[in-house]
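Visitor: Sending over a structure as structure tokens; questions will come in a sec.
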Amino acid sequence: MIKFENVSFNYPDSDDASVENITLEIKKGEAVLLCGESGCGKTTLVRMINGLIPHFYEGRMNGHVYVNETDTIQAELYETAKIVGSVFQNPRSQFFCVDSTSELAFGPENMGISEKEILARIDKTVSSMNIRPLMNRSIFDMSGGEKQKIACASVDTLNPEVCVLDEPSSNLSLEAIDDLKDTLDCWKKEGRTIVVAEHRLYWLKDICDRVICLKNGKIVFDMTMDEFKNLSESELRSHGLRSVNENLEMTPVKESPLDAGNMILENFSYSYRGFDALDIKRQEIPRGEVIAIVGHNGAGKSTFSKCVCGLMKSFKGYIEIDGKKYKSGKLLKNAYMVMQDVNHQLFCESVMDEVTLGMDDENEEIALEVLEKLGLKEFADRHPMSLSGGQKQRVAVASAVLSEKEIILFDEPTSGLDFYNMEKVAELIRSLRGNKTVFVVTHDPDLIRRCATVVLRLEKGHVADIKISGGNSKDGKEKERYFAAV
Amino acid sequence: MDGVITKKSNGKLGGKDLINIGIYAAIYCVIMTAISMLGFIPVLMPSLAVLCPLIGGITMMLFYTKVKKFGMITIITVLIGAFLWITGMGYWPFIFGIICGVVADLIAKGGNYASKKMTMLSHGIMNITIFGCFLPLYLDIDGYFASRTSYGSDYVNVLKTIFQPWTAPIILGCAFVFGVLGALLGMSFMKKHFEKAGIV
Amino acid sequence: MDPRTKLLILITITTFALGGAGGKRVEALVPVLCMMPFLLLITAKRFKTAVIGIFLFWVTTFLLGFANTHGMSGFLYYILLGSCGILGRFLPCIMMGRYLMESTTVSEFNAAMKRMHVSDNFIIPMSVMFRFFPTVIDEAESIGCAMKMRGISLTGKHASKIIEYRMVPLMTCCVNIGEELSAAALTRGLGGNVKRTNICKIGFRMQDYVAMALCLIPWILLIVDVVK
């Protein structure tokens with residue numbers, strides 16, 4: 001079905017080949033998992049199958065790629081689109097229309113298929129994927145998981161023989177990953193060929209039947225899923241892979257508590273459009289610890305983080321630290337959020353300007369010290385936007401440390417990261433423990449088990465339970481109150 | 001196919017080009033709306049003719065780097081004109097958009113979409129579209145006020161002094177000059193930020 | 001109502017209420033035309049917008065009347081007249097624009113453009129534009145939040161660079177998202193050489209004909225005027 005013949009590719013600005021001399025054959029109906037650390041070339045392979053390389057991302061290419069006898073180098077993108085459907089990493093950037101029904105019709109409309117046939121296809125997709133409630137709605141109001149479902153559905157209406165997915169789970173919650181798994185299962189039963197490039201492997205172990213691992217643009221191994229499952233954890237690590245049997249429990253690391261006192265969240269409630277997005281009357285949180293905030297979509301995590309950082313307008317609650325009250329205005333000065341898309345918070349021309357921007361008096365020496373600790377000293381004169389994702393994240397942390405913030409909040413710091421980079425983030429967060437109170441909003445159990453000392457679970461805007469490292473899981477008062485109320 | 005740098009170019013606008021036009025038009029229109037919110041006090045409306053070309057230049061210079069075919073500048077200018085029209089600024093910006101767009105496109109094409117001088121000139125011309133917003137205030141001023149005598153002749157006289165015909169060329173000139181300056185500003189931003197950020 | 005009818009109303013209002021064409025004959029019709037957007041907003045259940053619009057319209061008229069009867073003069077008078085004059089003229093058009101935007105879905109709009117034989121070269125960028133507005137606004141808001149946390153504001157010490165601080169991340173983020181959007185759209189066959197189809201059903205109904213008839217009156221009067 002898919003055939004790579006001695007394929008190499010270089011992106012324009014790099015001398016190193018992204019993939020080198022790949023020869024590979026994927027049979028009809030096979031489900032293949034492509035894995036490997038970041039930059040190993042798995043995304044490049046996916047882009048060759050759907051034709052984005054060389055038609056969208058230009059560069060130097062050798063060899064041939066055939067999908068169902070069609071040469072994707074020769075064929076125009078819209079020709080390839082008839083056979084290959086693609087789902088991408090970021091749910092918010094891959095829809096073209098504003099409402100879901102038009103989105104499902106978009107692909108077939110491009111093919112010039114008749115209106116009647118399109119409506120029939122949409123109907124079929126909607127019932128097979130069980131997404132009737134999502135129809136005729138604005139995609140902008142949907143959660144990441146729902147958006148990803150629409151993305152899959154809009155691939156389904158084109159009825160392609162091959163489906164490729166490029167890190168489809170990186171921005172999803174565990175529940176949404178389960179839904180995605182069901183969709184893939186369904187496609188597999190229909191006999192479609194599936195190629196998935198992924199970092200998180202656990203959800204694919206029952207779906208894929210073949211695993212190909214890449215490193216530096218070359219295939220390291222190519223084995224069946226059964227063989228792959230037998231690899232030891234240390235072997236997986238040596239290839240930069242996450243566990244196949246990922247432990248999904250969100251338990252804190254074992255560390256002795258700091259006993260640095262508590263900070264008290266008072267009256268953390270916020271409602272909009274008439275429903276309570278967040279409703280916490282009082283919650284004590286140990287100071288200086290790393291607190292993971294977990295919960296489903298819509299549990300109030302993002303409202304919570306905005307409130308902590310003082311970004312919610314007309315928010316009435318406050319945090320009490322050492323007997324002092326910090327309301328919104330003061331929180332804005334004392335808390336800092338490292339956003340999921342760090343590009344939002346890099347403003348200056350050089351890293352040095354960037355980190356000294358928020359300081360009361362711009363002291364370069366102190367700044368250099370902090371940069372050195374974070375391994376950024378050599379980049380002090382670089383433009384922050386020219387750095388890699390992880391480095392950008394550290395620049396944001398450096399500026400928070402230097403502007404003497406008491407609270408640092410990370411919003412999904414590990415989405416789309418491989419094992420190695422995830423561990424680095426965990427290390428970074430751990431290094432802040434004791435000096436700052438760190439909140440980490442995340443879906444990633446691996447990250448939690450590596451750095452969080454407290455796990456706070458939100459449910460429908462309430463604190464469902466709070467687990468503190470060393471101590472037993474003690475249910476918050478909030479939970480009792482909540483269930484008493486229900 | 002050995003070692004070939006794969007790059008297609010034909011005169012026809014491809015899907016990527018059309019999407020780029022839409023994206024930059026959206027950014028430009030949002031900026032324009034934000035600016036006109038600042039100038040919501042109608043007397044400050046002429047600030048639109050200064051700030052839009054200037055700040056919009058940052059967006060447009062980035063857009064100009066993506067332009068390699070004839071038609072892209074025309075379409076984006078017409079779209080901006082159409083946006084002004086349906087947000088209630090009258091149809092003149094739309095008509096201006098068509099004319100200015102084609103002229104700006106031809107000028108930029110004259111510089112092969114690479115010459116800095118041509119780009120500046122082209123951006124200046126393009127921004128004359130904004131003048132279209134003000135045109136109805138000058139056009140047919142007597143005819144308009146003839147039908148508004150119920151407001152009293154004082155009112156008409158005052159309005160006439162505010163919108164004296166000689167102020168029209170000034171606004172038009174502003175739009176053009178600040179368009180050119182905006183292009184310069186945009187180019188300096190490119191050097192300072194965008195090239196380093198790798199989005200050019 | 002069909003988007004094409006809405007466009008016709010918009011053209012009519014801009015020509016006669018804003019542009020003041022047609023002279024005395026049409027004069028009596030102008031207030032009717034001016035009230036049309038408000039009526040439409042109410043039928044579309046956009047009460048808030050309608051109320052604000054009617055309020056502003058009424059206030060400007062009142063202020064003008066007030067200033068005239070009391071024989072005000074001087075600088076304040078000029079400003080008042082200038083403001084109300086411009087607002088009063090533009091308001092009906094702005095309201096009609098709001099109605100058009102709020103009551104029409106992007107696919108309806110595209111279908112209408114298609115029926116009017118507008119080229120895909122315009123329709124595709126236009127739908128991208130509409131889809132991208134919320135994204136740009138979202139990004140701008142996030143950047144605003146980030147700026148607040150860093151203490152960058154108009155009153156802060158970095159006020160002079162505020163435009164730079166806002167524009168650079170905004171452009172970078174939007175361009176990156178745009179790139180991903182293009183890739184996603186192209187893998188779903190955009191840009192092929194077949195004629196695109198559209199599943200959105202639009203068509204003229206009773207209310208369209210009534211509105212069109214109303215719009216035709218001033219145009220006919222104008223033509224009669226010109227012919228004479």
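Following the order of the structure tokens, chains are lettered A, B, ..., residues in each are numbered from 1, and ligands are numbered from 1.
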Using only C-alpha atoms, which protein or nucleic acid residues come within 6 Å of segment 409-424 of chain A? Drop anything in the same chain fewer than 6 positions from it, and give the result as a ChimeraX atom specification.
Guide: /A:37-38,170-171,199,240-242,337-340,438-442
Visitor: Create the file for the chosen residues now, containing C-alpha atoms and written as a tab-separated table (two decimals), in the first residue's frame.
Guide:
chain	number	residue	atom	x	y	z
A	37	GLU	CA	12.72	10.75	20.14
A	38	SER	CA	11.96	14.28	18.94
A	170	SER	CA	-0.23	15.34	22.51
A	171	ASN	CA	-2.83	17.92	23.46
A	199	HIS	CA	5.38	9.74	21.77
A	240	GLY	CA	14.09	7.67	24.08
A	241	LEU	CA	10.67	6.03	24.29
A	242	ARG	CA	7.98	6.20	26.94
A	337	MET	CA	2.13	31.52	34.31
A	338	VAL	CA	4.34	29.64	31.88
A	339	MET	CA	1.84	29.26	29.08
A	340	GLN	CA	1.29	26.23	26.91
A	438	VAL	CA	4.80	25.71	41.78
A	439	PHE	CA	1.47	24.74	40.22
A	440	VAL	CA	1.49	22.37	37.27
A	441	VAL	CA	-1.67	21.95	35.25
A	442	THR	CA	-1.23	18.71	33.34
Visitor: With only C-alpha atoms as the counted atoms, please give the residues lying no more than 9 Å from Lys6 of chain C, apart from itself and same-chain residues fewer than 6 positions off, as a list in words.
Guide: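 Returned residues: Met96, Tyr99, Leu100, Asp208 and Ala211 of chain C.
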Visitor: Would you give me, as a PyMOL selection string, the residues of chain A that come within 9 Å of chain B, using only C-alpha atoms?
Guide: chain A and resi 12+54-56+58-64+73+348-349+382-387
Visitor: List as a list in words the protein and nucleic acid residues near segment 170-177 of chain B, meaning an atom at most 9 Å away when only C-alpha atoms are counted, but skip any in the same chain fewer than 4 places from it.
Guide: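 Result of the neighbour search: Pro46, Leu48, Ala49, Val50, Leu51, Cys52, Pro53, Leu54, Leu121, His123, Gly124, Ile125, Met126, Asn127, Ile128, Thr129, Ile130, Phe131, Gly132, Phe134, Trp166, Leu181 and Gly182 of chain B.
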Visitor: Would you kindly report the residues of chain A within 7 Å of chain C, using only C-alpha atoms, as a PyMOL selection string?
Guide: chain A and resi 50+77-78+81+85-86+93-98+102+107+109-115+311+332-333+336+343-347+358
Visitor: Could the residues in this selection be saved with N, CA and C atoms as a PDB file, in the first residue's frame?
Guide:
ATOM      1  N   ASN A  50       1.543  11.825   3.111  1.00  0.00           N
ATOM      2  CA  ASN A  50       0.410  12.654   2.681  1.00  0.00           C
ATOM      3  C   ASN A  50       0.805  13.719   1.659  1.00  0.00           C
ATOM      4  N   LEU A  77      -1.062  17.686  -4.492  1.00  0.00           N
ATOM      5  CA  LEU A  77      -1.587  17.408  -3.151  1.00  0.00           C
ATOM      6  C   LEU A  77      -3.040  16.962  -3.156  1.00  0.00           C
ATOM      7  N   TYR A  78      -3.859  17.586  -4.030  1.00  0.00           N
ATOM      8  CA  TYR A  78      -5.280  17.232  -3.990  1.00  0.00           C
ATOM      9  C   TYR A  78      -5.542  15.854  -4.577  1.00  0.00           C
ATOM     10  N   ALA A  81      -4.704  13.616  -1.617  1.00  0.00           N
ATOM     11  CA  ALA A  81      -5.717  13.778  -0.583  1.00  0.00           C
ATOM     12  C   ALA A  81      -6.863  12.780  -0.726  1.00  0.00           C
ATOM     13  N   GLY A  85      -5.770  10.395   4.292  1.00  0.00           N
ATOM     14  CA  GLY A  85      -6.364  11.376   5.192  1.00  0.00           C
ATOM     15  C   GLY A  85      -5.402  11.638   6.335  1.00  0.00           C
ATOM     16  N   SER A  86      -5.316  12.908   6.789  1.00  0.00           N
ATOM     17  CA  SER A  86      -4.336  13.231   7.831  1.00  0.00           C
ATOM     18  C   SER A  86      -4.968  13.899   9.043  1.00  0.00           C
ATOM     19  N   SER A  93      -5.677  24.163  15.306  1.00  0.00           N
ATOM     20  CA  SER A  93      -5.254  24.776  14.052  1.00  0.00           C
ATOM     21  C   SER A  93      -5.602  23.944  12.833  1.00  0.00           C
ATOM     22  N   GLN A  94      -6.345  22.838  13.006  1.00  0.00           N
ATOM     23  CA  GLN A  94      -6.570  22.032  11.805  1.00  0.00           C
ATOM     24  C   GLN A  94      -7.995  22.037  11.297  1.00  0.00           C
ATOM     25  N   PHE A  95      -8.817  22.924  11.776  1.00  0.00           N
ATOM     26  CA  PHE A  95     -10.128  23.016  11.132  1.00  0.00           C
ATOM     27  C   PHE A  95     -10.227  24.299  10.320  1.00  0.00           C
ATOM     28  N   PHE A  96     -10.983  24.202   9.247  1.00  0.00           N
ATOM     29  CA  PHE A  96     -10.993  25.248   8.241  1.00  0.00           C
ATOM     30  C   PHE A  96     -12.277  26.064   8.327  1.00  0.00           C
ATOM     31  N   CYS A  97     -13.337  25.449   8.816  1.00  0.00           N
ATOM     32  CA  CYS A  97     -14.616  26.135   8.862  1.00  0.00           C
ATOM     33  C   CYS A  97     -14.930  26.532  10.297  1.00  0.00           C
ATOM     34  N   VAL A  98     -16.023  27.253  10.472  1.00  0.00           N
ATOM     35  CA  VAL A  98     -16.368  27.719  11.799  1.00  0.00           C
ATOM     36  C   VAL A  98     -17.305  26.720  12.491  1.00  0.00           C
ATOM     37  N   SER A 102     -20.107  22.092   8.381  1.00  0.00           N
ATOM     38  CA  SER A 102     -19.370  22.550   7.199  1.00  0.00           C
ATOM     39  C   SER A 102     -17.989  21.932   7.168  1.00  0.00           C
ATOM     40  N   GLY A 107     -13.902  18.598   3.017  1.00  0.00           N
ATOM     41  CA  GLY A 107     -13.102  17.740   2.157  1.00  0.00           C
ATOM     42  C   GLY A 107     -13.834  17.322   0.897  1.00  0.00           C
ATOM     43  N   GLU A 109     -16.391  18.612  -0.478  1.00  0.00           N
ATOM     44  CA  GLU A 109     -16.697  19.784  -1.311  1.00  0.00           C
ATOM     45  C   GLU A 109     -15.516  20.116  -2.210  1.00  0.00           C
ATOM     46  N   ASN A 110     -14.308  19.994  -1.653  1.00  0.00           N
ATOM     47  CA  ASN A 110     -13.115  20.263  -2.451  1.00  0.00           C
ATOM     48  C   ASN A 110     -12.971  19.298  -3.607  1.00  0.00           C
ATOM     49  N   MET A 111     -13.500  18.073  -3.406  1.00  0.00           N
ATOM     50  CA  MET A 111     -13.392  17.067  -4.457  1.00  0.00           C
ATOM     51  C   MET A 111     -14.478  17.252  -5.509  1.00  0.00           C
ATOM     52  N   GLY A 112     -15.384  18.165  -5.251  1.00  0.00           N
ATOM     53  CA  GLY A 112     -16.460  18.389  -6.195  1.00  0.00           C
ATOM     54  C   GLY A 112     -17.509  17.290  -6.184  1.00  0.00           C
ATOM     55  N   ILE A 113     -17.655  16.598  -5.075  1.00  0.00           N
ATOM     56  CA  ILE A 113     -18.661  15.539  -4.965  1.00  0.00           C
ATOM     57  C   ILE A 113     -20.050  16.188  -4.835  1.00  0.00           C
ATOM     58  N   SER A 114     -21.063  15.508  -5.339  1.00  0.00           N
ATOM     59  CA  SER A 114     -22.387  16.128  -5.370  1.00  0.00           C
ATOM     60  C   SER A 114     -22.950  16.312  -3.965  1.00  0.00           C
ATOM     61  N   GLU A 115     -23.805  17.324  -3.797  1.00  0.00           N
ATOM     62  CA  GLU A 115     -24.348  17.668  -2.491  1.00  0.00           C
ATOM     63  C   GLU A 115     -25.009  16.475  -1.814  1.00  0.00           C
ATOM     64  N   LEU A 311      -5.509  36.864  36.677  1.00  0.00           N
ATOM     65  CA  LEU A 311      -5.876  37.293  35.326  1.00  0.00           C
ATOM     66  C   LEU A 311      -7.377  37.357  35.100  1.00  0.00           C
ATOM     67  N   LEU A 332      -1.256  39.300  40.455  1.00  0.00           N
ATOM     68  CA  LEU A 332      -0.682  39.591  39.144  1.00  0.00           C
ATOM     69  C   LEU A 332       0.811  39.885  39.278  1.00  0.00           C
ATOM     70  N   LYS A 333       1.176  40.521  40.376  1.00  0.00           N
ATOM     71  CA  LYS A 333       2.586  40.861  40.603  1.00  0.00           C
ATOM     72  C   LYS A 333       3.363  39.678  41.160  1.00  0.00           C
ATOM     73  N   TYR A 336       3.165  33.918  38.225  1.00  0.00           N
ATOM     74  CA  TYR A 336       3.542  33.936  36.820  1.00  0.00           C
ATOM     75  C   TYR A 336       3.150  32.625  36.166  1.00  0.00           C
ATOM     76  N   ASN A 343       5.356  31.110  23.083  1.00  0.00           N
ATOM     77  CA  ASN A 343       5.563  32.234  22.167  1.00  0.00           C
ATOM     78  C   ASN A 343       4.768  33.462  22.576  1.00  0.00           C
ATOM     79  N   HIS A 344       3.683  33.253  23.318  1.00  0.00           N
ATOM     80  CA  HIS A 344       2.865  34.382  23.759  1.00  0.00           C
ATOM     81  C   HIS A 344       3.608  35.307  24.695  1.00  0.00           C
ATOM     82  N   GLN A 345       4.628  34.779  25.384  1.00  0.00           N
ATOM     83  CA  GLN A 345       5.193  35.609  26.437  1.00  0.00           C
ATOM     84  C   GLN A 345       6.646  35.991  26.214  1.00  0.00           C
ATOM     85  N   LEU A 346       7.081  35.932  24.976  1.00  0.00           N
ATOM     86  CA  LEU A 346       8.437  36.378  24.659  1.00  0.00           C
ATOM     87  C   LEU A 346       8.346  37.650  23.826  1.00  0.00           C
ATOM     88  N   PHE A 347       8.842  38.740  24.388  1.00  0.00           N
ATOM     89  CA  PHE A 347       8.614  40.026  23.732  1.00  0.00           C
ATOM     90  C   PHE A 347       9.867  40.669  23.148  1.00  0.00           C
ATOM     91  N   GLY A 358      11.101  42.339  33.567  1.00  0.00           N
ATOM     92  CA  GLY A 358      10.180  42.476  34.694  1.00  0.00           C
ATOM     93  C   GLY A 358      10.870  42.831  35.997  1.00  0.00           C
TER      94      GLY A 358
END
